[in-house]
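Before any comments, here is the structure.
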Amino acid sequence: MSALYAVFRRELALAWSAGGGAIAPVGFFLGATTLLPLAIGADHELLRKAGPPLVWVAAALAALMTLERLFQADLEDGSLEQLFLCAAPLELIVLAKGAALWLAVGVPLALAGAPAAIALQAPTALIPLTVASLAVGMAGFIGVGLVGAAVSAGVRRGGVLIALIVLPFFAPLLIFGAGVADEVQAGGPFFLLSGCALGAVGLGPILAAAALRIQAG
Amino acid sequence: MGGDHHFQASLSVERLTLARGQRTLFSNLSFEAAPGAFVELRGPNGVGKTTLLRAIAGFLRPASGRVAFAHIEEPALALHFLAHRDGLKAPLDARAHVRFWAGLLGGRSDAADTALARVGLHAIADLPARVLSQGQARRLSLARLLVAERPLWLLDEPASGLDTGGRALLAALIDEHRARGGVVIAAVHDDLGPGPTRAIELTP
């Protein structure tokens, strides 16, 4: 337990430190979602329809931004090996890293979904649901992303490879996430989104740990 | 740091053959390391000293042969691996590193300051790793050996970057560890100070 807590705390400290990975993706998400209405113009009906999908595309791309250095930095500076020498299973260590990333990036980004929804003319009643679904969706994105980040940890400029690996698996989260804001089918998409995210969070660390063991060998 | 603790762990490398890609580095290497042993690995660059240490640590699978441990339940929890790279994160300070290692490797985080003082970094415990010199970074790595008690030390050119005082410190740490029954296996180019119980010259 203390090994997992140590990893979780360190990742959180790194993400929030100067030059850490938390600020850029949240900034990107806020920037993209507040610029969109300016680009689209004053067509309220169009904004209302295009808003949720665009928010989710921005969230998916912001999640992608955090992944490239997630394990690569550990592999390069030699701290990955230390993770093999602790009492906790590597799968749980990876999960702890993912949980820290979610808290450092996923939660702030979900909260940034509120101003984004307002900028995109979403009904105010939908804002809490948007924030909740983004928080769940970010957990799913990170779960999938752990695998892509682990597989490409040894690849220079591995960002493109990560995108190729994870974007197809982002699709279900994106589809159900954007569907949550659709008043006609409220409820259903949120549960489907949660199911997909849970699957990603459960399977992602197992596959990522397997990939990391190969990277170290 | 529990000075009265006496380690019993030992290991033997049995007919080990290691390969990197398709190329065989060396074959049929055998040696034993009893409690208190200090094994030096020597040989030209690229001969496979680091690869051998990594194989003993269990990070990679040998092409043939095996590494057998005695009085050790789980090798990964019984060894320290000090690699070329110190595993430091630029924004975090020295104390945060030692506390992290204590938590990760099953040591005591209240021993962090004692360990930092021992390696001579107490005065700069609050400085981020990015401003540490190469020798200071190496000293910080040495603190990892102190903060979690483990019987088997695998050291990959541990003296690189260290000044005279640092080398004396390293020699003292190795002596103390051996006195407690610990095993040290180190890849070296120059003598570390303590006389090895066994020097192995790796040849291609």
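Just remember, in the structure tokens the first chain shown is A, the second B, etc., residues are 1-based per chain, and ligands are 1-based in the order shown.
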
Practice problem: Mind checking which residues fall within 6 Å of segment 143-155 of chain B, counting only C-alpha atoms, ignoring those fewer than 2 positions away in the same chain, and posting them as a ChimeraX atom specification? | Solution: /B:7,78-82,102,107,115,140-141,158,182-186

Quiz item: Near Ala114 of chain A, counting only C-alpha atoms, which residues have an atom at most 12 Å away, once you skip same-chain residues fewer than 3 positions from it, shown as a VMD selection string?
Solution: chain A and resid 29 to 30 33 to 34 52 55 107 to 111 117 to 135

Residues as selected, C-alpha atoms, written as a PDB file, in the first residue's frame, can you do that?
ATOM      1  CA  PHE A  29      -9.135  22.140 -23.767  1.00  0.00           C
ATOM      2  CA  LEU A  30     -10.288  25.525 -22.464  1.00  0.00           C
ATOM      3  CA  THR A  33     -13.740  25.061 -26.513  1.00  0.00           C
ATOM      4  CA  THR A  34     -13.899  28.828 -26.009  1.00  0.00           C
ATOM      5  CA  PRO A  52     -21.077  18.344 -27.184  1.00  0.00           C
ATOM      6  CA  VAL A  55     -16.160  19.282 -26.364  1.00  0.00           C
ATOM      7  CA  VAL A 107     -10.630  16.308 -12.899  1.00  0.00           C
ATOM      8  CA  PRO A 108      -9.494  19.894 -13.737  1.00  0.00           C
ATOM      9  CA  LEU A 109     -10.397  19.233 -17.363  1.00  0.00           C
ATOM     10  CA  ALA A 110     -13.856  17.959 -16.388  1.00  0.00           C
ATOM     11  CA  LEU A 111     -14.389  21.097 -14.306  1.00  0.00           C
ATOM     12  CA  ALA A 117     -20.557  24.149 -21.995  1.00  0.00           C
ATOM     13  CA  ILE A 118     -21.617  27.720 -21.277  1.00  0.00           C
ATOM     14  CA  ALA A 119     -19.536  29.037 -24.166  1.00  0.00           C
ATOM     15  CA  LEU A 120     -21.180  26.492 -26.446  1.00  0.00           C
ATOM     16  CA  GLN A 121     -24.727  27.507 -25.394  1.00  0.00           C
ATOM     17  CA  ALA A 122     -25.563  24.255 -23.583  1.00  0.00           C
ATOM     18  CA  PRO A 123     -28.647  24.481 -21.321  1.00  0.00           C
ATOM     19  CA  THR A 124     -27.502  25.226 -17.763  1.00  0.00           C
ATOM     20  CA  ALA A 125     -29.363  22.171 -16.460  1.00  0.00           C
ATOM     21  CA  LEU A 126     -26.995  19.958 -18.443  1.00  0.00           C
ATOM     22  CA  ILE A 127     -23.768  21.415 -17.032  1.00  0.00           C
ATOM     23  CA  PRO A 128     -23.426  19.117 -13.978  1.00  0.00           C
ATOM     24  CA  LEU A 129     -24.030  16.099 -16.225  1.00  0.00           C
ATOM     25  CA  THR A 130     -21.426  17.356 -18.692  1.00  0.00           C
ATOM     26  CA  VAL A 131     -18.832  17.735 -15.936  1.00  0.00           C
ATOM     27  CA  ALA A 132     -19.616  14.291 -14.483  1.00  0.00           C
ATOM     28  CA  SER A 133     -19.499  12.581 -17.857  1.00  0.00           C
ATOM     29  CA  LEU A 134     -16.195  14.281 -18.727  1.00  0.00           C
ATOM     30  CA  ALA A 135     -14.696  13.078 -15.439  1.00  0.00           C
TER      31      ALA A 135
END

Self-check item: Surrounding residues of Phe38 of chain B excluding itself and chain neighbours under 5 positions, 12 Å, only C-alpha atoms, as a ChimeraX atom specification
Solution: /B:10-11,31-33,152-155,171,174-179,181-188,192-200

File of the preceding selection, C-alpha atoms, as a PDB file, in the first residue's frame:
ATOM      1  CA  SER B  10      23.516 -15.527  -1.289  1.00  0.00           C
ATOM      2  CA  LEU B  11      23.328 -16.178  -4.990  1.00  0.00           C
ATOM      3  CA  PHE B  31      30.226 -17.733 -10.046  1.00  0.00           C
ATOM      4  CA  GLU B  32      28.938 -17.682  -6.507  1.00  0.00           C
ATOM      5  CA  ALA B  33      28.470 -14.875  -4.040  1.00  0.00           C
ATOM      6  CA  LEU B 152      21.926  -7.708  -2.417  1.00  0.00           C
ATOM      7  CA  TRP B 153      23.447  -4.612  -4.026  1.00  0.00           C
ATOM      8  CA  LEU B 154      23.913  -4.525  -7.790  1.00  0.00           C
ATOM      9  CA  LEU B 155      26.015  -1.476  -8.653  1.00  0.00           C
ATOM     10  CA  ALA B 171      33.930   2.284  -0.098  1.00  0.00           C
ATOM     11  CA  ILE B 174      30.274  -1.288   0.741  1.00  0.00           C
ATOM     12  CA  ASP B 175      32.426  -2.331   3.726  1.00  0.00           C
ATOM     13  CA  GLU B 176      29.561  -1.803   6.171  1.00  0.00           C
ATOM     14  CA  HIS B 177      27.126  -3.678   3.979  1.00  0.00           C
ATOM     15  CA  ARG B 178      29.508  -6.641   3.713  1.00  0.00           C
ATOM     16  CA  ALA B 179      30.112  -6.588   7.457  1.00  0.00           C
ATOM     17  CA  GLY B 181      26.507 -10.115   5.544  1.00  0.00           C
ATOM     18  CA  GLY B 182      25.317  -8.221   2.488  1.00  0.00           C
ATOM     19  CA  VAL B 183      26.386  -9.139  -1.034  1.00  0.00           C
ATOM     20  CA  VAL B 184      27.785  -6.517  -3.437  1.00  0.00           C
ATOM     21  CA  ILE B 185      28.181  -7.122  -7.150  1.00  0.00           C
ATOM     22  CA  ALA B 186      29.654  -4.148  -8.981  1.00  0.00           C
ATOM     23  CA  ALA B 187      30.661  -3.414 -12.556  1.00  0.00           C
ATOM     24  CA  VAL B 188      33.832  -1.340 -12.291  1.00  0.00           C
ATOM     25  CA  LEU B 192      36.507   1.012  -5.676  1.00  0.00           C
ATOM     26  CA  GLY B 193      38.704   0.657  -2.598  1.00  0.00           C
ATOM     27  CA  PRO B 194      37.597  -2.457  -0.752  1.00  0.00           C
ATOM     28  CA  GLY B 195      39.377  -5.549  -2.056  1.00  0.00           C
ATOM     29  CA  PRO B 196      36.960  -7.795  -3.913  1.00  0.00           C
ATOM     30  CA  THR B 197      36.450 -11.376  -2.811  1.00  0.00           C
ATOM     31  CA  ARG B 198      36.237 -12.225  -6.467  1.00  0.00           C
ATOM     32  CA  ALA B 199      37.097 -10.328  -9.653  1.00  0.00           C
ATOM     33  CA  ILE B 200      35.498 -11.554 -12.839  1.00  0.00           C
TER      34      ILE B 200
END

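For the set A:Pro115, A:Gly21, A:Pro37, A:Gly78, the residue with the smallest atom-to-atom gap to chain B is A:Gly78, counting only C-alpha atoms.
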
Practice problem: Have a look at B:Val39, B:Arg167, B:Asp86, B:Leu127 and name the one nearest to chain A; count only C-alpha atoms. | Solution: B:Asp86

Give one line per residue of chain A that approaches chain B to at most 8 Å, naming the two atoms of the closest pair and their distance in Å to one decimal, counting only C-alpha atoms; sort by chain then ascending residue number and deliver it as a tab-separated table.
residue	atom	partner	partner_atom	distance
A:Ser2	CA	B:Gly103	CA	5.5
A:Ala3	CA	B:Leu104	CA	4.0
A:Leu4	CA	B:Leu104	CA	7.3
A:Tyr5	CA	B:Gly103	CA	7.7
A:Ala6	CA	B:Gly103	CA	5.4
A:Val7	CA	B:Leu104	CA	7.1
A:Arg10	CA	B:Phe100	CA	7.1
A:Ala13	CA	B:Leu92	CA	7.9
A:Leu14	CA	B:Pro91	CA	7.0
A:Ser17	CA	B:Pro91	CA	6.5
A:Ala18	CA	B:Pro91	CA	7.1
A:Asp74	CA	B:Gly87	CA	7.5
A:Asp77	CA	B:Gly87	CA	4.8
A:Gly78	CA	B:Gly87	CA	4.4
A:Ser79	CA	B:Gly87	CA	4.2
A:Leu80	CA	B:Gly87	CA	7.9
A:Glu81	CA	B:Phe59	CA	7.9
A:Gln82	CA	B:Phe81	CA	7.6
A:Leu83	CA	B:Leu104	CA	7.5
A:Phe84	CA	B:Ala76	CA	7.0
A:Leu85	CA	B:Ala76	CA	4.8
A:Cys86	CA	B:Leu105	CA	5.0
A:Ala87	CA	B:Leu77	CA	6.5
A:Arg213	CA	B:Phe59	CA	7.7
A:Ala216	CA	B:Phe59	CA	6.2
A:Gly217	CA	B:Leu60	CA	4.2

Quiz prompt | Test item: residues at most 8 Å from Phe26 of chain B, only C-alpha atoms, excluding those fewer than 6 positions along its chain, as a list in words | solution =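 That gives Thr17, Leu18, Ala19, Val47, Gly48, Leu202, Thr203 and Pro204 of chain B.
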
Self-check item: Every residue of segment 29-113 of chain B that DSSP places in helix (DSSP H, G or I), as a VMD selection string
Solution: chain B and resid 49 to 57 75 to 78 94 to 105 109 to 113

Quiz prompt | Residue set, segment 48-191 of chain B restricted to strand (DSSP E), as a PyMOL selection string | solution = chain B and resi 64-70+79-82+152-156+183-187

Only N, CA and C atoms, please: the residues just picked out, written as a PDB file, in the first residue's frame.
ATOM      1  N   SER B  64      20.573 -18.669 -21.849  1.00  0.00           N
ATOM      2  CA  SER B  64      20.553 -19.972 -21.179  1.00  0.00           C
ATOM      3  C   SER B  64      21.219 -19.817 -19.818  1.00  0.00           C
ATOM      4  N   GLY B  65      21.118 -20.849 -18.994  1.00  0.00           N
ATOM      5  CA  GLY B  65      21.643 -20.773 -17.639  1.00  0.00           C
ATOM      6  C   GLY B  65      20.665 -20.065 -16.720  1.00  0.00           C
ATOM      7  N   ARG B  66      21.076 -19.905 -15.457  1.00  0.00           N
ATOM      8  CA  ARG B  66      20.154 -19.264 -14.528  1.00  0.00           C
ATOM      9  C   ARG B  66      20.901 -18.599 -13.378  1.00  0.00           C
ATOM     10  N   VAL B  67      20.160 -17.775 -12.658  1.00  0.00           N
ATOM     11  CA  VAL B  67      20.682 -17.158 -11.441  1.00  0.00           C
ATOM     12  C   VAL B  67      19.857 -17.731 -10.295  1.00  0.00           C
ATOM     13  N   ALA B  68      20.523 -18.408  -9.355  1.00  0.00           N
ATOM     14  CA  ALA B  68      19.802 -19.025  -8.242  1.00  0.00           C
ATOM     15  C   ALA B  68      20.084 -18.247  -6.961  1.00  0.00           C
ATOM     16  N   PHE B  69      19.043 -18.024  -6.188  1.00  0.00           N
ATOM     17  CA  PHE B  69      19.186 -17.285  -4.939  1.00  0.00           C
ATOM     18  C   PHE B  69      18.938 -18.226  -3.760  1.00  0.00           C
ATOM     19  N   ALA B  70      19.650 -18.015  -2.676  1.00  0.00           N
ATOM     20  CA  ALA B  70      19.402 -18.784  -1.460  1.00  0.00           C
ATOM     21  C   ALA B  70      19.041 -17.826  -0.332  1.00  0.00           C
ATOM     22  N   LEU B  79      16.877  -6.910  -3.577  1.00  0.00           N
ATOM     23  CA  LEU B  79      18.039  -6.292  -4.213  1.00  0.00           C
ATOM     24  C   LEU B  79      17.845  -4.799  -4.460  1.00  0.00           C
ATOM     25  N   HIS B  80      18.987  -4.122  -4.476  1.00  0.00           N
ATOM     26  CA  HIS B  80      19.067  -2.738  -4.925  1.00  0.00           C
ATOM     27  C   HIS B  80      19.771  -2.720  -6.256  1.00  0.00           C
ATOM     28  N   PHE B  81      19.264  -1.934  -7.185  1.00  0.00           N
ATOM     29  CA  PHE B  81      19.901  -1.822  -8.493  1.00  0.00           C
ATOM     30  C   PHE B  81      20.284  -0.367  -8.716  1.00  0.00           C
ATOM     31  N   LEU B  82      21.583  -0.126  -8.757  1.00  0.00           N
ATOM     32  CA  LEU B  82      22.084   1.236  -8.968  1.00  0.00           C
ATOM     33  C   LEU B  82      22.619   1.311 -10.391  1.00  0.00           C
ATOM     34  N   LEU B 152      21.135  -7.569  -1.197  1.00  0.00           N
ATOM     35  CA  LEU B 152      21.926  -7.708  -2.417  1.00  0.00           C
ATOM     36  C   LEU B 152      22.016  -6.361  -3.147  1.00  0.00           C
ATOM     37  N   TRP B 153      23.243  -5.874  -3.319  1.00  0.00           N
ATOM     38  CA  TRP B 153      23.447  -4.612  -4.026  1.00  0.00           C
ATOM     39  C   TRP B 153      24.048  -4.893  -5.393  1.00  0.00           C
ATOM     40  N   LEU B 154      23.376  -4.437  -6.438  1.00  0.00           N
ATOM     41  CA  LEU B 154      23.913  -4.525  -7.790  1.00  0.00           C
ATOM     42  C   LEU B 154      24.272  -3.106  -8.217  1.00  0.00           C
ATOM     43  N   LEU B 155      25.562  -2.840  -8.395  1.00  0.00           N
ATOM     44  CA  LEU B 155      26.015  -1.476  -8.653  1.00  0.00           C
ATOM     45  C   LEU B 155      26.694  -1.412 -10.019  1.00  0.00           C
ATOM     46  N   ASP B 156      26.207  -0.517 -10.868  1.00  0.00           N
ATOM     47  CA  ASP B 156      26.775  -0.377 -12.204  1.00  0.00           C
ATOM     48  C   ASP B 156      27.655   0.866 -12.243  1.00  0.00           C
ATOM     49  N   VAL B 183      25.626  -8.781   0.167  1.00  0.00           N
ATOM     50  CA  VAL B 183      26.386  -9.139  -1.034  1.00  0.00           C
ATOM     51  C   VAL B 183      26.437  -7.914  -1.948  1.00  0.00           C
ATOM     52  N   VAL B 184      27.632  -7.629  -2.496  1.00  0.00           N
ATOM     53  CA  VAL B 184      27.785  -6.517  -3.437  1.00  0.00           C
ATOM     54  C   VAL B 184      28.335  -7.067  -4.743  1.00  0.00           C
ATOM     55  N   ILE B 185      27.655  -6.785  -5.828  1.00  0.00           N
ATOM     56  CA  ILE B 185      28.181  -7.122  -7.150  1.00  0.00           C
ATOM     57  C   ILE B 185      28.267  -5.814  -7.923  1.00  0.00           C
ATOM     58  N   ALA B 186      29.475  -5.457  -8.359  1.00  0.00           N
ATOM     59  CA  ALA B 186      29.654  -4.148  -8.981  1.00  0.00           C
ATOM     60  C   ALA B 186      30.420  -4.265 -10.284  1.00  0.00           C
ATOM     61  N   ALA B 187      29.908  -3.570 -11.314  1.00  0.00           N
ATOM     62  CA  ALA B 187      30.661  -3.414 -12.556  1.00  0.00           C
ATOM     63  C   ALA B 187      31.581  -2.220 -12.373  1.00  0.00           C
TER      64      ALA B 187
END

Quiz item: Within 12 Å of segment 147-154 of chain A, counting only C-alpha atoms, which residues qualify if same-chain residues fewer than 5 places away don't, as a ChimeraX atom specification?
Solution: /A:63-77,80,91,94-95,97-98,140-142,159-170,200-217

Quiz item: If you measure from atom CA of Ala139 of chain A to atom CA of Ile23 of chain A, what distance in Å do you get, rounded to one decimal?
Solution: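 Distance between the two atoms: 17.4 Å.
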